[in-house]
Every structure is written in C-alpha cells, then in structure tokens.
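For reference, my_file.tsv is printed below; it contains TSV, C-alpha atoms (C1' of nucleotides).
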```
chain	number	residue	atom	x	y	z
O	1136	MET	CA	-23.42	-26.47	-3.06
O	1137	ALA	CA	-25.35	-28.40	-0.44
O	1138	GLN	CA	-22.25	-29.88	1.17
O	1139	THR	CA	-23.87	-31.70	4.04
O	1140	ALA	CA	-21.35	-31.07	6.76
O	1141	THR	CA	-18.61	-33.49	5.90
O	1142	LEU	CA	-15.97	-31.23	4.42
O	1143	PRO	CA	-13.69	-28.94	6.41
O	1144	MET	CA	-15.48	-26.10	4.64
O	1145	PRO	CA	-16.32	-23.31	7.08
O	1146	GLU	CA	-19.84	-22.09	7.45
O	1147	LYS	CA	-21.40	-19.35	5.36
O	1148	GLY	CA	-20.31	-16.34	7.36
O	1149	GLN	CA	-16.75	-17.42	7.56
O	1150	PHE	CA	-16.79	-18.40	3.93
O	1151	GLU	CA	-17.70	-14.90	2.89
O	1152	ASN	CA	-14.97	-13.48	5.03
O	1153	GLU	CA	-12.50	-15.77	3.35
O	1154	ALA	CA	-13.85	-14.74	-0.04
O	1155	GLY	CA	-13.06	-11.19	0.85
O	1156	LEU	CA	-9.52	-11.90	1.90
O	1157	ILE	CA	-8.42	-14.20	-0.87
O	1158	PHE	CA	-8.39	-11.43	-3.45
O	1159	GLN	CA	-6.06	-9.39	-1.29
O	1160	HIS	CA	-3.86	-12.38	-0.58
O	1161	VAL	CA	-3.40	-13.32	-4.19
O	1162	ALA	CA	-2.68	-9.76	-5.23
O	1163	ARG	CA	-0.17	-9.32	-2.45
O	1164	GLN	CA	1.55	-12.60	-3.09
O	1165	ARG	CA	1.90	-11.79	-6.75
O	1166	VAL	CA	3.53	-8.51	-5.79
O	1167	LYS	CA	5.88	-10.28	-3.41
O	1168	ALA	CA	6.84	-12.91	-5.95
O	1169	LEU	CA	7.46	-10.34	-8.64
O	1170	ASP	CA	9.37	-8.04	-6.29
O	1171	ALA	CA	11.62	-10.91	-5.33
O	1172	LEU	CA	12.47	-11.57	-8.95
O	1173	LEU	CA	13.04	-7.91	-9.69
O	1174	ALA	CA	14.92	-6.84	-6.60
O	1175	PRO	CA	18.31	-7.84	-8.06
O	1176	HIS	CA	17.65	-5.34	-10.85
O	1177	GLY	CA	16.64	-2.56	-8.50
O	1178	LEU	CA	13.04	-2.55	-9.65
O	1179	THR	CA	9.65	-3.18	-8.09
O	1180	SER	CA	6.56	-4.80	-9.53
O	1181	ALA	CA	4.58	-1.61	-9.85
O	1182	GLN	CA	7.43	0.05	-11.67
O	1183	VAL	CA	7.62	-2.84	-14.10
O	1184	TYR	CA	3.95	-2.57	-14.94
O	1185	LEU	CA	4.52	1.05	-15.80
O	1186	LEU	CA	7.69	0.40	-17.77
O	1187	ASN	CA	5.97	-2.38	-19.71
O	1188	TRP	CA	3.38	0.06	-20.98
O	1189	LEU	CA	6.12	2.42	-22.04
O	1190	LEU	CA	7.90	-0.38	-23.84
O	1191	ARG	CA	4.75	-0.89	-25.89
O	1192	GLU	CA	4.57	2.79	-26.64
O	1193	ASP	CA	6.99	5.37	-25.38
O	1194	GLY	CA	6.29	8.97	-24.48
O	1195	ARG	CA	2.89	8.64	-22.87
O	1196	THR	CA	1.47	11.33	-20.66
O	1197	GLN	CA	1.06	10.61	-16.98
O	1198	ILE	CA	-2.69	10.63	-17.27
O	1199	GLU	CA	-2.53	8.00	-19.95
O	1200	LEU	CA	-0.37	5.88	-17.68
O	1201	ALA	CA	-2.78	6.36	-14.81
O	1202	ARG	CA	-5.65	5.11	-16.95
O	1203	LEU	CA	-3.68	2.13	-18.22
O	1204	LEU	CA	-2.59	1.17	-14.73
O	1205	ASN	CA	-5.96	1.90	-13.17
O	1206	ILE	CA	-4.47	4.12	-10.52
O	1207	GLY	CA	-4.65	7.85	-9.80
O	1208	THR	CA	-2.48	10.50	-11.35
O	1209	VAL	CA	-0.96	11.23	-7.98
O	1210	ALA	CA	0.33	7.68	-7.66
O	1211	VAL	CA	1.79	7.92	-11.14
O	1212	SER	CA	3.50	11.15	-10.26
O	1213	GLY	CA	5.25	9.53	-7.33
O	1214	MET	CA	6.27	6.49	-9.28
O	1215	VAL	CA	7.67	8.54	-12.11
O	1216	ASP	CA	9.60	10.54	-9.54
O	1217	ARG	CA	11.31	7.40	-8.32
O	1218	LEU	CA	11.80	5.98	-11.80
O	1219	GLU	CA	13.33	9.24	-12.89
O	1220	ALA	CA	15.60	9.39	-9.87
O	1221	ALA	CA	16.82	5.89	-10.71
O	1222	GLU	CA	17.44	6.91	-14.32
O	1223	TRP	CA	14.97	4.49	-15.87
O	1224	VAL	CA	12.83	7.19	-17.47
O	1225	GLU	CA	12.74	10.91	-18.00
O	1226	ARG	CA	9.99	13.48	-18.23
O	1227	ARG	CA	9.85	15.82	-21.19
O	1228	ALA	CA	7.46	18.69	-21.66
O	1229	ASP	CA	4.81	18.27	-24.29
O	1230	GLN	CA	5.22	20.83	-27.03
O	1231	SER	CA	1.61	21.64	-27.74
O	1232	ASP	CA	0.37	21.61	-24.15
O	1233	ARG	CA	2.61	22.97	-21.47
O	1234	ARG	CA	0.60	21.34	-18.70
O	1235	THR	CA	1.38	17.82	-19.74
O	1236	LYS	CA	4.62	15.95	-19.36
O	1237	ARG	CA	5.44	12.88	-21.37
O	1238	VAL	CA	7.44	10.01	-19.93
O	1239	PHE	CA	10.20	8.47	-22.02
O	1240	LEU	CA	12.31	5.41	-21.38
O	1241	LYS	CA	16.02	5.88	-21.00
O	1242	PRO	CA	18.39	3.40	-22.62
O	1243	SER	CA	19.04	1.60	-19.33
O	1244	ALA	CA	15.35	0.65	-19.16
O	1245	MET	CA	15.15	-0.43	-22.78
O	1246	SER	CA	18.06	-2.78	-22.26
O	1247	LYS	CA	16.14	-4.50	-19.48
O	1248	LYS	CA	13.19	-5.24	-21.70
O	1249	HIS	CA	13.55	-9.01	-21.63
O	1250	VAL	CA	13.99	-9.03	-17.86
O	1251	LEU	CA	10.72	-7.22	-17.38
O	1252	SER	CA	8.60	-9.46	-19.54
O	1253	GLU	CA	10.28	-12.61	-18.31
O	1254	ALA	CA	9.69	-11.74	-14.69
O	1255	ALA	CA	6.01	-11.10	-15.33
O	1256	ALA	CA	5.67	-14.28	-17.37
O	1257	SER	CA	7.42	-16.28	-14.69
O	1258	VAL	CA	5.01	-15.13	-11.99
O	1259	ASN	CA	2.09	-15.93	-14.24
O	1260	ALA	CA	3.50	-19.38	-14.87
O	1261	SER	CA	3.90	-19.98	-11.15
O	1262	SER	CA	0.44	-18.65	-10.39
O	1263	PHE	CA	-1.28	-20.85	-12.91
O	1264	ASP	CA	0.80	-23.95	-12.35
O	1265	GLY	CA	-1.20	-27.11	-12.86
O	1266	MET	CA	-4.07	-25.31	-14.55
O	1267	THR	CA	-5.21	-25.91	-18.08
O	1268	ASP	CA	-5.42	-23.06	-20.54
O	1269	GLY	CA	-9.16	-23.36	-20.29
O	1270	GLU	CA	-9.11	-22.94	-16.55
O	1271	VAL	CA	-6.87	-19.91	-16.78
O	1272	ASP	CA	-9.12	-18.34	-19.38
O	1273	LEU	CA	-12.12	-19.10	-17.23
O	1274	LEU	CA	-10.50	-17.58	-14.16
O	1275	LEU	CA	-9.53	-14.44	-16.04
O	1276	SER	CA	-12.94	-14.04	-17.58
O	1277	LEU	CA	-14.59	-14.39	-14.17
O	1278	MET	CA	-12.14	-11.86	-12.78
O	1279	ARG	CA	-13.04	-9.46	-15.57
O	1280	ARG	CA	-16.68	-9.80	-14.69
O	1281	VAL	CA	-15.89	-9.08	-11.04
O	1282	ARG	CA	-13.88	-6.06	-12.07
O	1283	GLY	CA	-16.74	-4.84	-14.21
O	1284	ASN	CA	-19.18	-5.31	-11.36
O	1285	LEU	CA	-16.97	-3.40	-8.98
O	1286	ASN	CA	-16.47	-0.62	-11.49
O	1287	LYS	CA	-20.19	-0.21	-11.72
O	1288	ALA	CA	-20.62	-0.32	-7.96
O	1289	LEU	CA	-17.91	2.27	-7.44
O	1290	GLU	CA	-19.39	4.60	-10.02
O	1291	GLY	CA	-22.69	4.36	-8.22
O	1292	GLN	CA	-21.00	5.22	-4.97
O	1293	LYS	CA	-19.58	8.53	-6.11
O	1294	PRO	CA	-22.20	10.54	-7.96
O	1295	SER	CA	-20.07	13.64	-7.56
O	1296	LEU	CA	-19.00	13.81	-11.20
O	1297	ALA	CA	-21.80	12.53	-13.34
O	1298	GLU	CA	-25.51	12.89	-12.71
O	1299	ALA	CA	-26.69	15.06	-9.87
O	1300	PRO	CA	-28.95	17.16	-12.06
O	1301	ASN	CA	-31.37	18.10	-9.32
O	1302	ASP	CA	-31.12	15.07	-7.07
O	1303	LYS	CA	-30.51	16.54	-3.65
O	1304	THR	CA	-31.92	13.68	-1.62
O	1305	SER	CA	-28.59	12.75	-0.13
O	1306	ASP	CA	-27.66	13.39	3.48
G	1356	MET	CA	1.64	-5.30	-33.64
G	1357	ALA	CA	-0.06	-8.04	-35.66
G	1358	GLN	CA	-3.47	-8.33	-34.05
G	1359	THR	CA	-5.64	-9.26	-36.97
G	1360	ALA	CA	-7.92	-6.38	-36.30
G	1361	THR	CA	-11.22	-8.00	-35.46
G	1362	LEU	CA	-11.40	-8.49	-31.72
G	1363	PRO	CA	-10.52	-5.91	-29.13
G	1364	MET	CA	-8.49	-8.70	-27.53
G	1365	PRO	CA	-4.84	-7.81	-27.29
G	1366	GLU	CA	-2.18	-10.25	-28.35
G	1367	LYS	CA	-0.49	-12.73	-26.10
G	1368	GLY	CA	2.12	-10.48	-24.56
G	1369	GLN	CA	-0.35	-7.81	-23.71
G	1370	PHE	CA	-2.74	-10.43	-22.46
G	1371	GLU	CA	-0.23	-11.61	-19.92
G	1372	ASN	CA	0.35	-8.10	-18.80
G	1373	GLU	CA	-3.35	-7.68	-18.29
G	1374	ALA	CA	-3.49	-10.96	-16.40
G	1375	GLY	CA	-0.93	-9.56	-14.05
G	1376	LEU	CA	-2.80	-6.35	-13.45
G	1377	ILE	CA	-6.31	-7.64	-13.03
G	1378	PHE	CA	-5.57	-9.24	-9.69
G	1379	GLN	CA	-4.32	-5.93	-8.36
G	1380	HIS	CA	-7.27	-4.08	-9.80
G	1381	VAL	CA	-9.87	-6.33	-8.28
G	1382	ALA	CA	-8.18	-6.30	-4.89
G	1383	ARG	CA	-7.88	-2.54	-4.94
G	1384	GLN	CA	-11.42	-1.97	-6.07
G	1385	ARG	CA	-12.73	-4.21	-3.34
G	1386	VAL	CA	-10.80	-2.16	-0.83
G	1387	LYS	CA	-12.17	1.04	-2.25
G	1388	ALA	CA	-15.75	-0.21	-2.24
G	1389	LEU	CA	-15.46	-1.47	1.30
G	1390	ASP	CA	-13.71	1.66	2.50
G	1391	ALA	CA	-16.48	3.78	1.06
G	1392	LEU	CA	-19.09	1.81	2.97
G	1393	LEU	CA	-17.10	1.93	6.18
G	1394	ALA	CA	-15.87	5.51	6.11
G	1395	PRO	CA	-19.03	6.83	7.81
G	1396	HIS	CA	-18.20	4.58	10.75
G	1397	GLY	CA	-14.60	5.69	10.93
G	1398	LEU	CA	-13.24	2.31	9.87
G	1399	THR	CA	-11.21	0.93	6.99
G	1400	SER	CA	-11.45	-2.37	5.19
G	1401	ALA	CA	-8.26	-3.79	6.66
G	1402	GLN	CA	-9.39	-2.90	10.16
G	1403	VAL	CA	-12.68	-4.67	9.57
G	1404	TYR	CA	-10.96	-7.86	8.49
G	1405	LEU	CA	-9.05	-7.80	11.73
G	1406	LEU	CA	-12.09	-6.98	13.85
G	1407	ASN	CA	-14.07	-9.74	12.19
G	1408	TRP	CA	-11.54	-12.29	13.35
G	1409	LEU	CA	-11.77	-10.93	16.86
G	1410	LEU	CA	-15.54	-11.14	16.73
G	1411	ARG	CA	-15.20	-14.84	16.02
G	1412	GLU	CA	-12.79	-15.23	18.89
G	1413	ASP	CA	-11.62	-12.45	21.13
G	1414	GLY	CA	-8.25	-12.05	22.77
G	1415	ARG	CA	-5.97	-13.37	20.08
G	1416	THR	CA	-2.27	-12.65	20.05
G	1417	GLN	CA	-0.89	-10.43	17.35
G	1418	ILE	CA	0.97	-13.28	15.75
G	1419	GLU	CA	-2.26	-15.23	15.49
G	1420	LEU	CA	-3.88	-12.26	13.81
G	1421	ALA	CA	-0.97	-11.92	11.43
G	1422	ARG	CA	-1.34	-15.55	10.38
G	1423	LEU	CA	-5.09	-15.26	9.96
G	1424	LEU	CA	-4.79	-12.10	7.90
G	1425	ASN	CA	-1.79	-13.34	5.96
G	1426	ILE	CA	0.25	-10.26	6.74
G	1427	GLY	CA	3.35	-9.63	8.81
G	1428	THR	CA	3.44	-8.95	12.51
G	1429	VAL	CA	4.68	-5.45	11.84
G	1430	ALA	CA	1.59	-4.60	9.87
G	1431	VAL	CA	-0.58	-5.99	12.65
G	1432	SER	CA	1.26	-3.92	15.18
G	1433	GLY	CA	0.53	-0.74	13.27
G	1434	MET	CA	-3.10	-1.61	12.73
G	1435	VAL	CA	-3.63	-2.45	16.37
G	1436	ASP	CA	-2.02	0.87	17.25
G	1437	ARG	CA	-4.63	2.69	15.20
G	1438	LEU	CA	-7.49	0.51	16.37
G	1439	GLU	CA	-6.44	1.07	19.94
G	1440	ALA	CA	-6.14	4.82	19.44
G	1441	ALA	CA	-9.67	4.83	18.08
G	1442	GLU	CA	-10.91	2.82	21.05
G	1443	TRP	CA	-12.07	-0.18	19.07
G	1444	VAL	CA	-9.75	-2.63	20.80
G	1445	GLU	CA	-7.26	-2.80	23.63
G	1446	ARG	CA	-4.06	-4.73	24.21
G	1447	ARG	CA	-3.65	-6.76	27.37
G	1448	ALA	CA	-0.54	-8.58	28.47
G	1449	ASP	CA	-0.67	-12.34	28.40
G	1450	GLN	CA	-0.27	-13.77	31.87
G	1451	SER	CA	1.83	-16.79	31.10
G	1452	ASP	CA	4.14	-15.18	28.57
G	1453	ARG	CA	5.15	-11.63	29.09
G	1454	ARG	CA	6.29	-11.26	25.49
G	1455	THR	CA	2.86	-11.66	23.97
G	1456	LYS	CA	0.02	-9.18	24.01
G	1457	ARG	CA	-3.54	-10.21	23.36
G	1458	VAL	CA	-6.01	-7.99	21.56
G	1459	PHE	CA	-9.53	-7.61	22.94
G	1460	LEU	CA	-12.53	-5.87	21.47
G	1461	LYS	CA	-13.97	-2.94	23.34
G	1462	PRO	CA	-17.75	-2.54	23.61
G	1463	SER	CA	-17.85	0.09	20.88
G	1464	ALA	CA	-16.55	-2.49	18.40
G	1465	MET	CA	-18.88	-5.22	19.52
G	1466	SER	CA	-21.83	-2.95	18.99
G	1467	LYS	CA	-20.80	-2.49	15.36
G	1468	LYS	CA	-20.83	-6.19	14.68
G	1469	HIS	CA	-23.69	-6.13	12.20
G	1470	VAL	CA	-22.19	-3.18	10.33
G	1471	LEU	CA	-18.97	-5.06	9.76
G	1472	SER	CA	-20.49	-8.23	8.40
G	1473	GLU	CA	-23.05	-6.37	6.35
G	1474	ALA	CA	-20.43	-4.20	4.68
G	1475	ALA	CA	-18.37	-7.24	3.72
G	1476	ALA	CA	-21.41	-9.10	2.49
G	1477	SER	CA	-22.50	-6.10	0.46
G	1478	VAL	CA	-19.19	-5.87	-1.35
G	1479	ASN	CA	-19.29	-9.57	-2.06
G	1480	ALA	CA	-22.78	-9.23	-3.43
G	1481	SER	CA	-21.68	-6.39	-5.69
G	1482	SER	CA	-18.59	-8.25	-6.80
G	1483	PHE	CA	-20.44	-11.38	-7.77
G	1484	ASP	CA	-23.48	-9.69	-9.25
G	1485	GLY	CA	-24.93	-11.69	-12.09
G	1486	MET	CA	-22.95	-14.81	-11.29
G	1487	THR	CA	-24.44	-18.12	-10.31
G	1488	ASP	CA	-23.44	-19.81	-7.09
G	1489	GLY	CA	-21.58	-22.32	-9.19
G	1490	GLU	CA	-19.56	-19.63	-10.91
G	1491	VAL	CA	-18.66	-18.00	-7.62
G	1492	ASP	CA	-17.58	-21.32	-6.17
G	1493	LEU	CA	-15.55	-21.98	-9.26
G	1494	LEU	CA	-13.87	-18.61	-9.12
G	1495	LEU	CA	-13.01	-19.02	-5.47
G	1496	SER	CA	-11.67	-22.51	-5.94
G	1497	LEU	CA	-9.48	-21.33	-8.80
G	1498	MET	CA	-8.28	-18.45	-6.66
G	1499	ARG	CA	-7.43	-20.86	-3.88
G	1500	ARG	CA	-5.35	-22.88	-6.30
G	1501	VAL	CA	-3.54	-19.73	-7.41
G	1502	ARG	CA	-2.91	-18.82	-3.81
G	1503	GLY	CA	-1.54	-22.27	-3.13
G	1504	ASN	CA	0.74	-22.06	-6.15
G	1505	LEU	CA	2.06	-18.70	-5.08
G	1506	ASN	CA	2.62	-19.90	-1.54
G	1507	LYS	CA	4.73	-22.70	-2.87
G	1508	ALA	CA	6.62	-20.40	-5.20
G	1509	LEU	CA	7.32	-17.92	-2.42
G	1510	GLU	CA	8.57	-20.62	-0.09
G	1511	GLY	CA	10.95	-21.75	-2.79
G	1512	GLN	CA	12.19	-18.21	-3.23
G	1513	LYS	CA	13.30	-17.71	0.35
G	1514	PRO	CA	15.37	-20.68	1.47
G	1515	SER	CA	16.59	-18.62	4.43
G	1516	LEU	CA	14.47	-20.46	6.99
G	1517	ALA	CA	14.21	-24.03	5.90
G	1518	GLU	CA	16.92	-26.00	4.16
G	1519	ALA	CA	20.35	-24.44	3.91
G	1520	PRO	CA	22.08	-27.29	5.72
G	1521	ASN	CA	25.50	-26.69	4.24
G	1522	ASP	CA	24.63	-24.90	1.06
G	1523	LYS	CA	26.96	-21.90	1.01
G	1524	THR	CA	27.00	-21.45	-2.74
G	1525	SER	CA	25.20	-18.13	-2.63
G	1526	ASP	CA	26.52	-14.93	-4.19
M	915	DC	C1'	23.09	-21.33	36.77
M	916	DT	C1'	24.42	-19.55	32.65
M	917	DT	C1'	24.75	-19.23	28.00
M	918	DT	C1'	22.81	-19.54	23.74
M	919	DC	C1'	19.21	-19.60	20.76
M	920	DC	C1'	14.37	-18.66	19.49
M	921	DC	C1'	10.28	-15.81	19.50
M	922	DG	C1'	6.68	-11.83	20.13
M	923	DA	C1'	6.45	-7.19	19.56
M	924	DT	C1'	8.15	-2.93	18.12
M	925	DT	C1'	10.87	0.87	15.63
M	926	DA	C1'	12.67	2.96	11.49
M	927	DG	C1'	12.28	3.69	6.88
M	928	DC	C1'	10.61	2.31	2.36
M	929	DT	C1'	6.80	1.77	-1.69
M	930	DT	C1'	2.33	2.18	-3.32
M	931	DG	C1'	-1.96	3.53	-3.15
M	932	DC	C1'	-5.56	7.00	-1.60
M	933	DT	C1'	-8.01	11.90	-0.84
M	934	DT	C1'	-7.92	16.79	-0.80
M	935	DA	C1'	-6.18	21.05	-2.25
M	936	DT	C1'	-2.97	24.07	-5.34
M	937	DT	C1'	-0.87	25.68	-9.40
M	938	DA	C1'	-0.59	26.44	-14.21
M	939	DT	C1'	-2.36	26.03	-18.42
M	940	DC	C1'	-5.82	25.42	-21.88
M	941	DT	C1'	-10.47	26.17	-23.89
M	942	DG	C1'	-14.85	27.79	-24.74
M	943	DT	C1'	-18.03	31.44	-24.39
M	944	DA	C1'	-19.81	36.00	-23.69
X	195	DT	C1'	-10.62	40.04	-25.46
X	196	DA	C1'	-11.53	38.50	-21.02
X	197	DC	C1'	-13.25	35.54	-17.80
X	198	DA	C1'	-14.99	31.05	-16.17
X	199	DG	C1'	-14.43	26.40	-16.06
X	200	DA	C1'	-11.93	22.09	-17.22
X	201	DT	C1'	-7.58	19.66	-17.06
X	202	DA	C1'	-2.43	17.95	-16.09
X	203	DA	C1'	0.59	17.68	-12.72
X	204	DT	C1'	1.99	18.15	-8.04
X	205	DA	C1'	2.16	18.78	-2.72
X	206	DA	C1'	0.68	17.30	1.77
X	207	DG	C1'	-0.66	13.86	4.62
X	208	DC	C1'	-2.62	9.21	5.64
X	209	DA	C1'	-3.18	3.81	5.56
X	210	DA	C1'	-1.33	-0.51	4.83
X	211	DG	C1'	1.98	-3.47	3.32
X	212	DC	C1'	7.08	-4.75	3.39
X	213	DT	C1'	12.22	-5.67	5.17
X	214	DA	C1'	15.85	-5.21	8.45
X	215	DA	C1'	17.25	-4.33	13.03
X	216	DT	C1'	16.34	-4.24	18.01
X	217	DC	C1'	14.73	-5.48	22.63
X	218	DG	C1'	13.02	-8.22	26.14
X	219	DG	C1'	11.41	-12.66	27.65
X	220	DG	C1'	11.14	-17.90	27.26
X	221	DA	C1'	13.45	-22.46	26.77
X	222	DA	C1'	16.80	-25.76	26.20
X	223	DA	C1'	21.51	-26.92	26.44
X	224	DG	C1'	25.84	-27.11	28.93
```
Is it possible to give me this structure as structure tokens?
Amino acid sequence: MAQTATLPMPEKGQFENEAGLIFQHVARQRVKALDALLAPHGLTSAQVYLLNWLLREDGRTQIELARLLNIGTVAVSGMVDRLEAAEWVERRADQSDRRTKRVFLKPSAMSKKHVLSEAAASVNASSFDGMTDGEVDLLLSLMRRVRGNLNKALEGQKPSLAEAPNDKTSD
Amino acid sequence: MAQTATLPMPEKGQFENEAGLIFQHVARQRVKALDALLAPHGLTSAQVYLLNWLLREDGRTQIELARLLNIGTVAVSGMVDRLEAAEWVERRADQSDRRTKRVFLKPSAMSKKHVLSEAAASVNASSFDGMTDGEVDLLLSLMRRVRGNLNKALEGQKPSLAEAPNDKTSD
DNA sequence: CTTTCCCGATTAGCTTGCTTATTATCTGTA
DNA sequence: TACAGATAATAAGCAAGCTAATCGGGAAAG
C-alpha cells in the first residue's frame, strides 16, 4: 500500500467503487465473449453451462441443476423451456416422484459436446492470457474465498429459513 | 471419471467449468447483497453505481455514464428512466448540442449520499472478510488483468468498427 | 447550401436473473 | 386414514443487460 501520490491510482473512495464494478465487468465480458463464440450455434453462455452439467451426468432434476448453477429454480425453469423449444433437451417425468421432472439431452446437444467445452476453454484461455498457472490458481482461490464470504453474508441477511427460534427483535 | 478419490477437487475439465461459473457467482452475489442493503431505500445496486458517479460529478451525459459503467447506452437510458420516475435524478437538455441530455441529481438523491457509499463499502468489507490488504490488492490487480484480456479479446471479435479496409471475405 | 455521414438517445424485443405466489405431490404424524 | 407441512415445478411481473433499427441533430464535404 502506501503509494505516496505518484501513481494514477484513484483515492480510497473511488478505489472501492471500482472494486465493486470490476466483478460485474469481468462477469459480463465473459458472458459476451462466450455468447459471441456460441451465437453461430444458436446457443448462449448460460445454456452452455447448463448443458455442460448434463453432459457430465444426464437426467438431472431441475432443482439439482439450480444448485449446480447457483441460480433459482425459476431461472432453471425458464432456461429449460427455451432449451426444450430449441430441441436441445427434453423433460421427462420422474417415475417415483410425480412432482419432479428430469432433463435429458437430445442427440443434437450431444453432438455439440466438443463445441461447448471448446468455447468455454477458449474464453478461459483468453481471460487468463499472460498469467502463470500459479497466478490463475491464486486468483481462483481468492475468488472462492470471496464467494464463501458472500455466501455467509447472504445467509445472515435472510434469517427467514433457519434460526428465528424466538428472536423477534427485528423491525 | 478418474479422480483419484482423495481430494474433493474435481478434475481438469470440471475445474475449468467451475472457473467459468465462479465469476458469475461472485458478481451475482455481490448484487444480491447490495440489493438487500438498498431495498429499504427503494434503490438497486446498479442504480447506486450510477448515482455514485453523479455524486462525484453531476450533470454527465448518458454516453459518459455508459462508458463509466461499462454498459451500453440503451441500458443507461432505461436506468435513467427508472431513476427519473423515482425522482432521484432528472434529465436536462444540453445547451450546445440538442442531441445530448445531461443527468442531474435531485436533492433526494444527494441526501442519501452516505447511504450509497456505506452500502458499497459494507459489501466490500463482507466480500474481503479475512483477507489482508495485500491479498485484496492482489485479487483486484489480477481481476484488472483479466478485464484487460477480455477487452482485447472482445475487440478482436468484432472487427465491424475498426479495420475492415477491403476485407470482404466474410461468410 | 446541400448532401452525406456520424453520433446521442430511444424503441422494440430478447435472455437471464430475481421475488412472490400457486399448484400438485409427497411425507410424516396424529 | 387424514391432515398438516415440506417440496418440485411453474406463473406473473420486474430489473438489467444485450442487439438491431430508428430518429433527430451536428459536422464536414462537395
């Protein structure tokens, strides 16, 4: 730190603002880069993340997909709608539980397998260009810590599910 | 799948998939955390990023805001619509160029100044909990390099603006 | 002066995510 | 057995991005 006023580094307040935005920027740019690669195949980045999980193991329930993708079941529902309309996947009823629907890849999706992983790998390669393996590992491990911190913070923010035994001190 | 069964670490392919997702996760969780803090004030995280730039300097054009926020002018237009409807800002025509509109804070927004910066700082504090200043600096500098890499990659992907002197070899 | 080109803002329509509320089904307990 | 509560999926409606297309206003040729 220290940095006695020589660098073009903004001051503390501005720095924190920039810290806030850079996570959004990187995420959005990754989406854009991936979308650009996938557009010729009629796919989007979010769809590819979902399909990649199905390629690892087919026939997952939508709740399983939601947990793997870290999004809500409602978002999964919409995505599966679109994927089904485009004939990449199909829903089939679970036999033992009529509430759940399992999502299966259709042959058209399976045949695109290499495209999906190559597109993702290509964006990673671009993202980490000029970085050593050690730097990439370091970055990812720091990101995991941030994710863990935010998970904790978000759990603390919504005490609606857990806790609340007799704690009625809220507003 | 191989995976010699000791660590919970997935193998390379899965690792890369996770690398792709973690940037989205962190960005989204930051949004959620910030939104939760701001909801009582009737604001969203994206709106606060925009307002914070106006607090630094009022009366910017929408294109300036788009560049600062790293989003498109269309997105800015929509956000300013909502901010204007909620009486946080107002649009005024530029005098010298009738195409451009400048966005000015209204008193209600100025009075929230401390709320905005505190919310952002709070999310940063949560995000970086348990990390040393050095680690945070390192993370941010790595993120900046990733952003730079992606910027370059995205420029290369759309040769529609630059280049294309006589290159008509497209599809 | 006019024509052509560029540029700021907007509209229309899309994807992806969210919250809240509904519907059906399952499960556990009285 | 019956009823209460959890759980899987969906519907409705919103925010925030995006691209492509449009409109009006500058600016620089001719």
Review point. Could you state the separation of atom CA of G:Asp1484 and atom CA of O:Val1281 in Å, given to one decimal place?
Key: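 About the pair atom CA of G:Asp1484 and atom CA of O:Val1281: they are 7.8 Å apart.
Copy-to-copy comparison places chain G at a Cα RMSD of 2.0 Å from chain O, following a least-squares fit over all residues.
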Practice item. Could you please tell me, as a list in words, which residues of chain X have an atom within 9 Å of chain G when using only C-alpha atoms (C1' of nucleotides)? Key: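 In the required form, that comes to DA209, DA210, DG211, DC212, DG218, DG219 and DG220 of chain X.
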Point to revise | Contacts of G:Gln1384 within 9 Å, all atoms listed in the file, excl. fewer than 5 positions in-chain, as a PyMOL selection string | key: (chain O and resi 1282+1285-1286+1289) or (chain G and resi 1379+1389)
Given only C-alpha atoms (C1' of nucleotides), how would the per-residue table for chain M near chain G read, listing every residue at most 10 Å away with its closest atom pair and distance in Å to one decimal, sorted by chain and number, as a Markdown table?
```
| residue | atom | partner | partner_atom | distance |
| --- | --- | --- | --- | --- |
| M:DC921 | C1' | G:Arg1454 | CA | 8.5 |
| M:DG922 | C1' | G:Arg1454 | CA | 5.4 |
| M:DA923 | C1' | G:Arg1454 | CA | 7.2 |
| M:DT924 | C1' | G:Ser1432 | CA | 7.6 |
| M:DT925 | C1' | G:Val1429 | CA | 9.6 |
| M:DG931 | C1' | G:Arg1383 | CA | 8.7 |
| M:DC932 | C1' | G:Lys1387 | CA | 8.9 |
```
Check your understanding: Out of G:Thr1487, G:Gln1450, G:Ser1463, G:Asn1504, which residue has the shortest atom-to-atom distance to chain O when counting only C-alpha atoms?
Key ->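 Nearest candidate to chain O out of G:Thr1487, G:Gln1450, G:Ser1463, G:Asn1504: G:Asn1504.
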Practice item. Provide the atom CA of G:Ala1391 to atom CA of G:Glu1490 distance in Å, to one decimal place. Key: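 Spanning atom CA of G:Ala1391 to atom CA of G:Glu1490 is a straight-line distance of 26.5 Å.
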Review point. So which one's closest to chain O, G:Glu1510, G:Glu1412, G:Ser1481, G:Val1444? Using all atoms listed in the file, please.
Key: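 Of G:Glu1510, G:Glu1412, G:Ser1481, G:Val1444, the one nearest chain O is G:Ser1481, counting all atoms listed in the file.
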Review point. Rounded to one decimal in Å, what is the spacing between atom CA of G:His1469 and atom CA of G:Leu1393?
Key: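 Computing the Euclidean distance for atom CA of G:His1469 and atom CA of G:Leu1393 yields 12.0 Å.
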Point to revise | O:Leu1189 environment, 10 Å, all atoms listed in the file, sequence neighbours closer than 4 positions dropped, as an NGL selection string | key: :O and (1183-1185 or 1193-1195 or 1200 or 1224 or 1238-1240 or 1244-1245)
Practice item. Find the spatial neighbours of G:Lys1461, counting only C-alpha atoms (C1' of nucleotides), within a cut-off of 12 Å - ignore same-chain residues fewer than 5 positions away - and output them as a ChimeraX atom specification. Key: /G:1406,1409-1410,1413-1414,1438-1447,1466-1468
